[in-house]
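The next block holds one structure in the form of structure tokens; read it before the comments.
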Amino acid sequence: MAANSGWCCWPAFRCALSSAIYASHSYLKAAAKRGIAPDDWAAHDWIGLDDTLAHLEQARWLAQNVPPGRVRMRVDSLLAMVDAARDGMGMAPLLCHLAGAERRLQRLADPDPCFDTGLWLLTHRDLKDTARIKALTRFLYEDLGAALG
């Protein structure tokens, strides 16, 4: 970003989005003989991310920890990854604020800091003191920030 672009150089809002490994109840029931402990995960089917999302920590973790032959499908969005996991396609590292709301998904481990993704909202210098921007910033800090941890 150019120094004179007009955007404030500090974030109006910043938080970390956490992720953990999830799978659907139906997938876990069908794959029960494989076990669900972390030591058993290499034997499971996984949902991966395509090359357009290779820069994400979830994609890097999958590349380092899941045998390529166990990745049963690849998706091009984190929302599609949640949908595929919910529909029983396999296990996946999912954003907790998305997957936690899905009753058909079970979290298999605590959120792993290696997946943390930063969320920043920048404001234009000319708008940072307007009532609308202040109200949005207050909402993000108080409500969304608390909900996301």
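Identifiers in the structure tokens: chain A, B, ... in order shown; residue index from 1 per chain; ligand index from 1 in order shown.
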
- Message: I need the residues in stretch 3-85 of chain A that are helix (DSSP H, G or I) according to DSSP; give them as a PyMOL selection string.
- Response: chain A and resi 25-30+32-34+38-43+51-53+57-65+68-70+78-85

- Message: My list of candidates is A:Leu17, A:Ile47, A:Ile36, A:Leu79. Which is closest to A:Val66 when distances are computed with only C-alpha atoms?
- Response: A:Ile47

- Item | DSSP-assigned strand (DSSP E or B) members of stretch 5-141 of chain A, reported as a ChimeraX atom specification | /A:7,13-17,19-24,46-49,71-75,91-95,105-107,117-121,124

- Query: Quick one, how far is atom CA of A:Pro93 from atom CA of A:Ile21?
  - Reply: 4.3 Å

- Task: Report the distance between atom CA of A:Ala20 and atom CA of A:Arg104 in Å, rounded to one decimal place.
- Result: 15.2 Å

- Task: Could you please determine the separation between atom CA of A:Tyr22 and atom CA of A:Arg107 in Å, to one decimal place?
- Result: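 One can read the atom CA of A:Tyr22 to atom CA of A:Arg107 distance as 4.4 Å.
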
- Message: Using only C-alpha atoms, can you tell me which of A:Trp61, A:Asp83, A:Lys134, A:Pro67 comes closest to A:Asp112?
- Response: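 For A:Asp112, the nearest of the candidates is A:Trp61.
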
- Message: I'd like to know which of A:Leu49, A:Ala109, A:Ala30, A:Leu56 is closest to A:Val82, using only C-alpha atoms.
- Response: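 When distances to A:Val82 are compared using only C-alpha atoms, the smallest one comes from A:Leu49.
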
- Message: Nearest residue to A:His55 out of A:Asp126, A:Ala131, A:Arg34, A:Thr117, using only C-alpha atoms?
- Response: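 Comparing A:Asp126, A:Ala131, A:Arg34, A:Thr117 against A:His55, the winner is A:Thr117.
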
- Message: With distances taken over only C-alpha atoms, which residue among A:Ser18, A:Thr123, A:Asp116, A:Lys128 lies nearest A:Leu98?
- Response: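 Distance minimum relative to A:Leu98 lands on A:Ser18.
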